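Trainee: Here you go, this is run.txt (compact mmCIF, C-alpha atoms).
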```
# COMPACT_ATOMS: atom_id res chain seq x y z
CA MET A 110 0.00 0.00 0.00
CA THR A 111 1.34 3.44 -0.97
CA GLN A 112 1.76 5.77 1.98
CA THR A 113 -0.24 8.99 1.87
CA TYR A 114 1.98 11.85 3.02
CA LEU A 115 0.55 15.02 4.51
CA ILE A 116 1.82 18.58 4.86
CA ARG A 117 0.68 21.59 6.88
CA SER A 118 -1.44 23.93 4.79
CA GLY A 119 0.74 26.75 6.12
CA SER A 120 3.12 25.79 3.31
CA LEU A 121 0.56 27.41 0.96
CA MET A 122 0.59 30.70 2.85
CA GLY A 123 -0.07 33.51 0.35
CA PHE A 124 -1.48 31.17 -2.33
CA ASN A 125 -4.83 32.95 -2.67
CA ASP A 126 -3.20 36.38 -2.73
CA LEU A 127 -0.67 35.40 -5.40
CA VAL A 128 -3.30 33.77 -7.61
CA ASN A 129 -5.49 36.86 -7.31
CA ASP A 130 -2.53 39.12 -8.10
CA LEU A 131 -1.95 37.08 -11.27
CA GLY A 132 -5.60 37.34 -12.29
CA GLY A 133 -6.48 33.71 -11.54
CA ASP A 134 -9.26 31.89 -9.69
CA ALA A 135 -7.91 30.33 -6.49
CA LYS A 136 -11.18 28.50 -5.73
CA HIS A 137 -11.16 26.77 -9.13
CA LEU A 138 -7.52 25.72 -8.74
CA LEU A 139 -8.18 24.31 -5.28
CA GLU A 140 -11.18 22.35 -6.53
CA ARG A 141 -9.03 20.69 -9.18
CA VAL A 142 -7.04 18.96 -6.43
CA ASN A 143 -9.99 18.40 -4.07
CA LEU A 144 -9.08 21.19 -1.67
CA THR A 145 -11.19 24.09 -0.40
CA ALA A 146 -10.56 27.52 1.04
CA ASP A 147 -11.34 26.06 4.47
CA ASP A 148 -8.38 23.70 4.11
CA LEU A 149 -6.08 26.74 3.94
CA ALA A 150 -7.85 28.78 6.60
CA ASP A 151 -5.77 27.27 9.41
CA GLY A 152 -2.08 26.76 8.70
CA ASP A 153 -2.01 23.72 10.99
CA ASN A 154 -4.53 21.82 8.85
CA MET A 155 -2.88 18.78 7.30
CA ILE A 156 -3.54 18.32 3.57
CA PRO A 157 -2.34 15.64 1.12
CA PHE A 158 1.20 16.36 0.00
CA GLU A 159 0.38 15.22 -3.53
CA ALA A 160 -2.56 17.64 -3.74
CA MET A 161 -0.30 20.52 -2.70
CA VAL A 162 2.33 19.62 -5.28
CA MET A 163 -0.23 19.31 -8.08
CA LEU A 164 -1.89 22.58 -7.03
CA LEU A 165 1.37 24.45 -7.61
CA GLU A 166 1.89 22.75 -10.98
CA HIS A 167 -1.66 23.60 -12.12
CA ALA A 168 -1.32 27.21 -10.96
CA ALA A 169 1.97 27.69 -12.82
CA CYS A 170 0.51 26.21 -16.01
CA ASP A 171 -2.93 27.85 -15.93
CA LEU A 172 -1.57 31.28 -15.02
CA ASN A 173 1.36 31.02 -17.45
CA CYS A 174 3.75 31.73 -14.59
CA PRO A 175 6.75 29.34 -14.64
CA SER A 176 8.18 31.03 -11.55
CA PHE A 177 5.00 30.53 -9.50
CA GLY A 178 6.76 28.55 -6.75
CA LEU A 179 9.48 31.17 -6.37
CA LYS A 180 6.93 33.99 -6.31
CA LEU A 181 4.88 32.20 -3.65
CA SER A 182 7.96 31.92 -1.42
CA THR A 183 8.07 35.73 -1.20
CA TYR A 184 4.63 35.67 0.44
CA GLN A 185 5.88 33.46 3.26
CA ASP A 186 7.87 33.96 6.45
CA LEU A 187 8.48 32.12 9.73
CA GLN A 188 4.75 32.28 10.39
CA ALA A 189 4.25 29.69 7.64
CA LEU A 190 5.94 27.12 9.91
CA GLY A 191 3.50 27.71 12.78
CA SER A 192 4.87 26.72 16.19
CA LEU A 193 8.16 25.65 14.62
CA GLY A 194 8.64 29.17 13.28
CA LEU A 195 8.10 30.59 16.77
CA LEU A 196 10.69 28.16 18.12
CA LEU A 197 13.27 29.19 15.53
CA LYS A 198 12.80 32.87 16.40
CA SER A 199 13.36 32.13 20.09
CA CYS A 200 16.69 30.31 19.61
CA VAL A 201 20.00 31.77 20.82
CA THR A 202 21.93 31.42 17.57
CA VAL A 203 21.32 30.49 13.96
CA ARG A 204 23.14 27.18 14.56
CA GLU A 205 20.67 26.27 17.30
CA ALA A 206 17.75 27.29 15.07
CA MET A 207 19.01 25.01 12.30
CA ALA A 208 19.31 22.10 14.74
CA CYS A 209 15.73 22.69 15.90
CA ALA A 210 14.48 22.88 12.32
CA GLN A 211 16.13 19.57 11.51
CA ARG A 212 14.67 17.96 14.66
CA TYR A 213 11.07 19.09 14.27
CA LEU A 214 10.48 19.63 10.55
CA ALA A 215 8.72 16.26 10.34
CA LEU A 216 5.82 17.97 12.11
CA HIS A 217 5.52 20.30 9.13
CA SER A 218 5.58 17.39 6.69
CA PRO A 219 6.93 13.84 6.96
CA ALA A 220 7.20 13.77 3.16
CA GLU A 221 10.62 15.46 3.22
CA TYR A 222 13.51 16.18 5.53
CA TRP A 223 16.41 18.63 5.61
CA ARG A 224 19.97 17.96 6.68
CA PHE A 225 22.33 20.67 7.91
CA SER A 226 26.05 19.95 7.80
CA GLU A 227 29.25 21.96 8.16
CA GLU A 228 32.39 21.35 6.15
CA GLY A 229 35.30 23.75 5.93
CA ARG A 230 34.01 27.30 5.58
CA PHE A 231 30.59 26.25 4.32
CA THR A 232 27.24 25.13 5.69
CA TYR A 233 25.25 22.78 3.47
CA ILE A 234 21.45 22.85 3.78
CA THR A 235 20.24 19.82 1.82
CA ARG A 236 16.67 18.79 1.08
CA PHE A 237 15.60 15.15 0.71
CA GLU A 238 12.26 13.59 -0.22
CA HIS A 239 10.47 10.53 1.13
CA PHE A 240 7.71 11.11 -1.39
CA HIS A 241 8.55 10.18 -4.97
CA GLY A 242 5.09 9.87 -6.50
CA ILE A 243 5.43 13.00 -8.62
CA SER A 244 8.69 13.22 -10.54
CA HIS A 245 7.94 16.70 -11.91
CA ALA A 246 7.36 18.48 -8.57
CA ARG A 247 9.59 21.33 -9.67
CA GLN A 248 7.30 24.12 -8.46
CA TYR A 249 7.30 22.67 -4.96
CA LYS A 250 11.08 22.25 -4.98
CA GLU A 251 11.55 25.88 -5.98
CA LEU A 252 9.03 27.02 -3.37
CA SER A 253 10.91 25.03 -0.70
CA LEU A 254 14.33 26.44 -1.56
CA GLY A 255 12.88 29.94 -1.92
CA VAL A 256 11.31 29.69 1.54
CA CYS A 257 14.57 28.29 2.94
CA PHE A 258 16.48 31.28 1.61
CA HIS A 259 13.92 33.75 2.99
CA LEU A 260 13.95 32.06 6.40
CA ALA A 261 17.73 32.39 6.46
CA GLN A 262 17.29 36.10 5.80
CA ALA A 263 14.66 36.31 8.55
CA LEU A 264 17.07 34.80 11.09
CA VAL A 265 20.35 36.34 9.93
CA GLY A 266 19.26 39.52 8.20
CA LYS A 267 18.75 40.67 4.62
CA ASN A 268 22.51 40.99 4.21
CA VAL A 269 23.03 37.21 4.28
CA LYS A 270 24.77 36.06 1.12
CA GLY A 271 24.56 32.54 -0.18
CA TYR A 272 27.49 30.90 -1.96
CA ARG A 273 25.59 28.62 -4.33
CA LEU A 274 22.15 27.08 -4.79
CA GLU A 275 21.76 23.68 -6.45
CA PHE A 276 18.58 22.19 -7.92
CA SER A 277 18.14 18.56 -8.93
CA HIS A 278 15.82 19.51 -11.81
CA ARG A 279 16.31 21.48 -15.00
CA PRO A 280 15.44 25.20 -15.01
CA ILE A 281 11.81 26.13 -15.70
CA SER A 282 12.44 29.89 -15.80
CA GLY A 283 15.17 32.05 -17.31
CA LEU A 284 18.57 31.69 -15.65
CA ASN A 285 18.78 35.40 -14.89
CA LEU A 286 15.54 35.17 -12.93
CA TYR A 287 17.12 32.62 -10.56
CA ARG A 288 20.34 34.59 -10.19
CA ASN A 289 18.48 37.82 -9.46
CA PHE A 290 16.05 36.12 -7.09
CA PHE A 291 18.69 34.41 -4.97
CA SER A 292 21.63 36.79 -5.58
CA MET A 293 24.06 33.89 -5.91
CA GLY A 294 25.19 31.26 -8.39
CA VAL A 295 22.47 28.73 -9.26
CA SER A 296 23.10 25.36 -10.91
CA PHE A 297 20.72 22.67 -12.14
CA ASN A 298 20.53 18.93 -12.78
CA GLN A 299 22.54 18.36 -9.61
CA GLU A 300 22.52 15.31 -7.36
CA CYS A 301 20.24 16.98 -4.80
CA ASP A 302 18.57 20.25 -3.82
CA ARG A 303 20.73 22.30 -1.48
CA LEU A 304 21.69 25.78 -0.37
CA ILE A 305 25.34 26.49 0.43
CA VAL A 306 26.23 29.44 2.68
CA ASP A 307 29.25 30.61 4.64
CA ARG A 308 29.30 28.94 8.07
CA LYS A 309 30.16 32.25 9.73
CA TYR A 310 26.43 32.98 9.84
CA LEU A 311 25.78 30.05 12.19
CA SER A 312 27.26 31.80 15.22
CA GLN A 313 25.20 34.92 14.69
CA PRO A 314 22.81 35.62 17.61
CA ILE A 315 19.07 35.85 16.98
CA THR A 316 17.83 39.18 18.31
CA SER A 317 14.36 37.86 19.20
CA PHE A 318 15.78 35.16 21.51
CA ASN A 319 13.44 34.39 24.41
CA GLU A 320 14.48 31.55 26.72
CA LYS A 321 11.08 31.12 28.39
CA ASN A 322 9.22 30.99 25.09
CA HIS A 323 11.83 28.64 23.66
CA HIS A 324 11.39 26.01 26.38
CA GLN A 325 7.59 26.22 26.32
CA ILE A 326 7.37 25.83 22.55
CA GLU A 327 9.98 23.06 22.43
CA ASP A 328 8.15 21.07 25.11
CA HIS A 329 4.98 21.36 23.04
CA LEU A 330 6.69 20.26 19.82
CA THR A 331 8.43 17.38 21.60
CA GLU A 332 5.05 16.09 22.78
CA MET A 333 3.67 16.36 19.25
CA LEU A 334 6.65 14.57 17.79
CA ALA A 335 6.29 11.76 20.31
```
Starting from the coordinates I provided, produce the structure as C-alpha cells.
Mentor:
Amino acid sequence: MTQTYLIRSGSLMGFNDLVNDLGGDAKHLLERVNLTADDLADGDNMIPFEAMVMLLEHAACDLNCPSFGLKLSTYQDLQALGSLGLLLKSCVTVREAMACAQRYLALHSPAEYWRFSEEGRFTYITRFEHFHGISHARQYKELSLGVCFHLAQALVGKNVKGYRLEFSHRPISGLNLYRNFFSMGVSFNQECDRLIVDRKYLSQPITSFNEKNHHQIEDHLTEMLA
C-alpha cells in the first residue's frame, strides 16, 4: 500500500493572494485537487502532499507563470511554519535554530527532511524527499528552496549572502531570474537540492531570543513529535 503523506497547509501561505494578483481563480484551482478555502484557513490543517504539489503545478501552467513557486515563497515567512517558526525565532543562535528545524520539521511534513552539515568554511542545507510519486514536482522544490532562503534572511538579516544554490531539476524559468532572485550562483541537474552558505552565519545571535518561550514551545513540539 502506498503511503499517503501530509503537509501543513501553512506551506501554501499567500497562495490565494498570489493567484489573485496574477488574475487567476484560487477557488477553481483548489477544486481541481480536491481542496477548499477552508483547508487553507488554518495553517495547521494537514492536507495531502500530492494535492499541494499538483496545485502548484496547475497554478503555474494555468496562469502562465513558470516562476509561481518562487513567487509564492516571497509571500511566506516564519509564520508559515507555525509553532516551529516561533521556536526558531526564540533560539539563541542560527546554529541552534538550524538544529531545531532539523529535529522538528517532520511535524511540518513527513514527506521530506532537511539535513544541515558543516564542512570547511561552508554550511550545506540539503533537502531530501520521502515522497517520490510525482517526478515533476519542480514548483514545490523551488518554493521550498525559496522559503529556505527567505527564512535564512529572517534569522540572519537581509545581508546574508549565499554561496551557491543547487537544484536537482532542470530550469523552468530564465537563468537570470534565478540569479536575481537568490543573488548567488544557481546550478541545475545536480545530485540533490541544497543551499550552500558561509558557516560564519551560524554563530550569529538571533535578536528575538526568548528563553522562556523557547522552552515552552519546544516542550509542546516534543510532545507532538512523540
Trainee: In Å, rounded to a single decimal, give me how far CA of Val306 (chain A) is from CA of Met122 (chain A).
Mentor: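 Separation between CA of Met122 (chain A) and CA of Val306 (chain A): 25.7 Å.
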Trainee: So what do you get for CA of Ala160 (chain A) versus CA of Lys198 (chain A), distance-wise?
Mentor: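 Those two atoms sit 29.6 Å apart.
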Trainee: Between A:Tyr184, A:Phe297, A:Phe291, A:Phe231, which has the minimum distance to Gly119 (chain A) (counting all atoms listed in the file)?
Mentor: A:Tyr184
Trainee: Give me, as a list of chain:residue names, all polymer residues having an atom no more than 6 Å from region 218-220 of chain A, counting all atoms listed in the file and skipping those fewer than 4 positions away in the same chain.
Mentor: A:Tyr114, A:Leu115, A:Ile116, A:His239, A:Phe240
Trainee: Find the spatial neighbours of Lys309 (chain A), counting only C-alpha atoms, within a cut-off of 12 Å - ignore same-chain residues fewer than 6 positions away - and output them as a ChimeraX atom specification.
Mentor: /A:202-204,227-232,265,269-271
Trainee: Show which residues sit within 10 Å of Ala189 (chain A), as an MDAnalysis selection string. Count all atoms listed in the file, and ignore same-chain residues fewer than 3 positions away.
Mentor: chainID A and resid 117:123 152:153 184:186 192:195 217 256
Trainee: Work out how far apart CA of His329 (chain A) and CA of Arg224 (chain A) are and give it in Å to one decimal.
Mentor: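 Separating CA of His329 (chain A) from CA of Arg224 (chain A) is a distance of 22.4 Å.
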Trainee: Identify the residues within 10 Å of coordinate (-4.9, 23.8, -12.5) (same frame as the file), considering all atoms listed in the file, and give the answer as a list in words.
Mentor: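 Looking at atoms near the point gives Asp134, Ala135, His137, Leu138, Leu139, Glu140, Arg141, Val142, Met163, Leu164, Leu165, Glu166, His167, Ala168, Ala169, Cys170, Asp171 and Leu172 of chain A.
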Trainee: Taking into account all atoms listed in the file, which residue in the set A:Leu274, A:Pro280, A:Leu330, A:Asn289 is nearest to Tyr213 (chain A)?
Mentor: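 Of the candidates, the smallest distance to Tyr213 (chain A) is held by A:Leu330.
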Trainee: Centre and edge lengths, as AutoDock Vina command-line options, for the axis-aligned box enclosing every listed atom of region 194-197 of chain A with 5 Å of padding on each of the six sides, in Å to one decimal?
Mentor:
```
--center_x 10.7 --center_y 29.4 --center_z 15.7 --size_x 15.2 --size_y 12.4 --size_z 14.8
```
Trainee: Pick the closest to Gly255 (chain A) from A:Leu286, A:Ala208, A:Leu304, A:Leu179: which is it, counting all atoms listed in the file?
Mentor: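 Nearest candidate to Gly255 (chain A) out of A:Leu286, A:Ala208, A:Leu304, A:Leu179: A:Leu179.
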Trainee: Restricting the calculation to only C-alpha atoms: of A:Tyr249, A:Phe258, A:Phe177, A:Tyr310, which residue gets closest to Met161 (chain A)?
Mentor: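 Of A:Tyr249, A:Phe258, A:Phe177, A:Tyr310, the one nearest Met161 (chain A), counting only C-alpha atoms, is A:Tyr249.
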Trainee: Excluding Leu197 (chain A) and residues on its chain fewer than 2 positions from it, collect all residues at most 9 Å away from it, counting only C-alpha atoms, and give them as number ranges by chain.
Mentor: A: 187, 192-195, 199-201, 203, 205-207, 209-210, 264, 315, 318, 323
Trainee: Rank nothing, just name the residue among A:Leu254, A:Leu196, A:Ala215, A:Ala146 nearest to Leu181 (chain A), using only C-alpha atoms.
Mentor: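 Checking each of A:Leu254, A:Leu196, A:Ala215, A:Ala146 against Leu181 (chain A), counting only C-alpha atoms, the winner is A:Leu254.
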Trainee: I need the residue nearest Ala263 (chain A) from this list: A:His324, A:Glu300, A:Thr316, A:Asn129. Use only C-alpha atoms for the distance.
Mentor: A:Thr316
Trainee: Rebuild region 163-191 of chain A so that it carries N, CA and C atoms, then output the result as a compact mmCIF listing (two decimals), keeping the file's coordinate frame.
Mentor:
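Written file, result.txt:
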```
# COMPACT_ATOMS: atom_id res chain seq x y z
N MET A 163 0.51 19.15 -6.83
CA MET A 163 -0.23 19.31 -8.08
C MET A 163 -0.89 20.68 -8.17
N LEU A 164 -1.30 21.24 -7.03
CA LEU A 164 -1.89 22.58 -7.03
C LEU A 164 -0.90 23.60 -7.57
N LEU A 165 0.35 23.51 -7.13
CA LEU A 165 1.37 24.45 -7.61
C LEU A 165 1.63 24.27 -9.10
N GLU A 166 1.65 23.02 -9.56
CA GLU A 166 1.89 22.75 -10.98
C GLU A 166 0.74 23.30 -11.83
N HIS A 167 -0.50 23.08 -11.39
CA HIS A 167 -1.66 23.60 -12.12
C HIS A 167 -1.65 25.13 -12.16
N ALA A 168 -1.33 25.75 -11.03
CA ALA A 168 -1.32 27.21 -10.96
C ALA A 168 -0.28 27.79 -11.91
N ALA A 169 0.91 27.20 -11.93
CA ALA A 169 1.97 27.69 -12.82
C ALA A 169 1.57 27.57 -14.28
N CYS A 170 0.92 26.46 -14.62
CA CYS A 170 0.51 26.21 -16.01
C CYS A 170 -0.66 27.10 -16.40
N ASP A 171 -1.71 27.10 -15.59
CA ASP A 171 -2.93 27.85 -15.93
C ASP A 171 -2.70 29.35 -15.97
N LEU A 172 -1.82 29.84 -15.11
CA LEU A 172 -1.57 31.28 -15.02
C LEU A 172 -0.37 31.71 -15.87
N ASN A 173 0.19 30.74 -16.60
CA ASN A 173 1.36 31.02 -17.45
C ASN A 173 2.46 31.73 -16.66
N CYS A 174 2.76 31.13 -15.49
CA CYS A 174 3.75 31.73 -14.59
C CYS A 174 4.74 30.65 -14.16
N PRO A 175 5.78 30.39 -14.97
CA PRO A 175 6.75 29.34 -14.64
C PRO A 175 7.43 29.52 -13.29
N SER A 176 7.50 30.76 -12.82
CA SER A 176 8.18 31.03 -11.55
C SER A 176 7.19 31.10 -10.38
N PHE A 177 6.04 30.44 -10.52
CA PHE A 177 5.00 30.53 -9.50
C PHE A 177 5.52 30.12 -8.12
N GLY A 178 6.24 29.01 -8.03
CA GLY A 178 6.76 28.55 -6.75
C GLY A 178 7.69 29.56 -6.10
N LEU A 179 8.57 30.15 -6.90
CA LEU A 179 9.48 31.17 -6.37
C LEU A 179 8.71 32.39 -5.90
N LYS A 180 7.73 32.82 -6.70
CA LYS A 180 6.93 33.99 -6.31
C LYS A 180 6.18 33.72 -5.01
N LEU A 181 5.64 32.51 -4.86
CA LEU A 181 4.88 32.20 -3.65
C LEU A 181 5.79 32.25 -2.42
N SER A 182 7.05 31.89 -2.57
CA SER A 182 7.96 31.92 -1.42
C SER A 182 8.13 33.32 -0.85
N THR A 183 7.93 34.35 -1.68
CA THR A 183 8.07 35.73 -1.20
C THR A 183 6.88 36.15 -0.34
N TYR A 184 5.81 35.38 -0.37
CA TYR A 184 4.63 35.67 0.44
C TYR A 184 4.72 35.00 1.81
N GLN A 185 5.80 34.26 2.05
CA GLN A 185 5.88 33.46 3.26
C GLN A 185 7.03 33.90 4.16
N ASP A 186 6.85 33.65 5.46
CA ASP A 186 7.87 33.96 6.45
C ASP A 186 7.84 32.87 7.52
N LEU A 187 8.44 33.13 8.67
CA LEU A 187 8.48 32.12 9.73
C LEU A 187 7.09 31.71 10.20
N GLN A 188 6.11 32.59 9.99
CA GLN A 188 4.75 32.28 10.39
C GLN A 188 4.20 31.07 9.63
N ALA A 189 4.72 30.83 8.43
CA ALA A 189 4.25 29.69 7.64
C ALA A 189 4.57 28.36 8.31
N LEU A 190 5.56 28.35 9.21
CA LEU A 190 5.94 27.12 9.91
C LEU A 190 5.18 26.93 11.22
N GLY A 191 4.28 27.85 11.56
CA GLY A 191 3.50 27.71 12.78
C GLY A 191 4.37 27.73 14.02
```
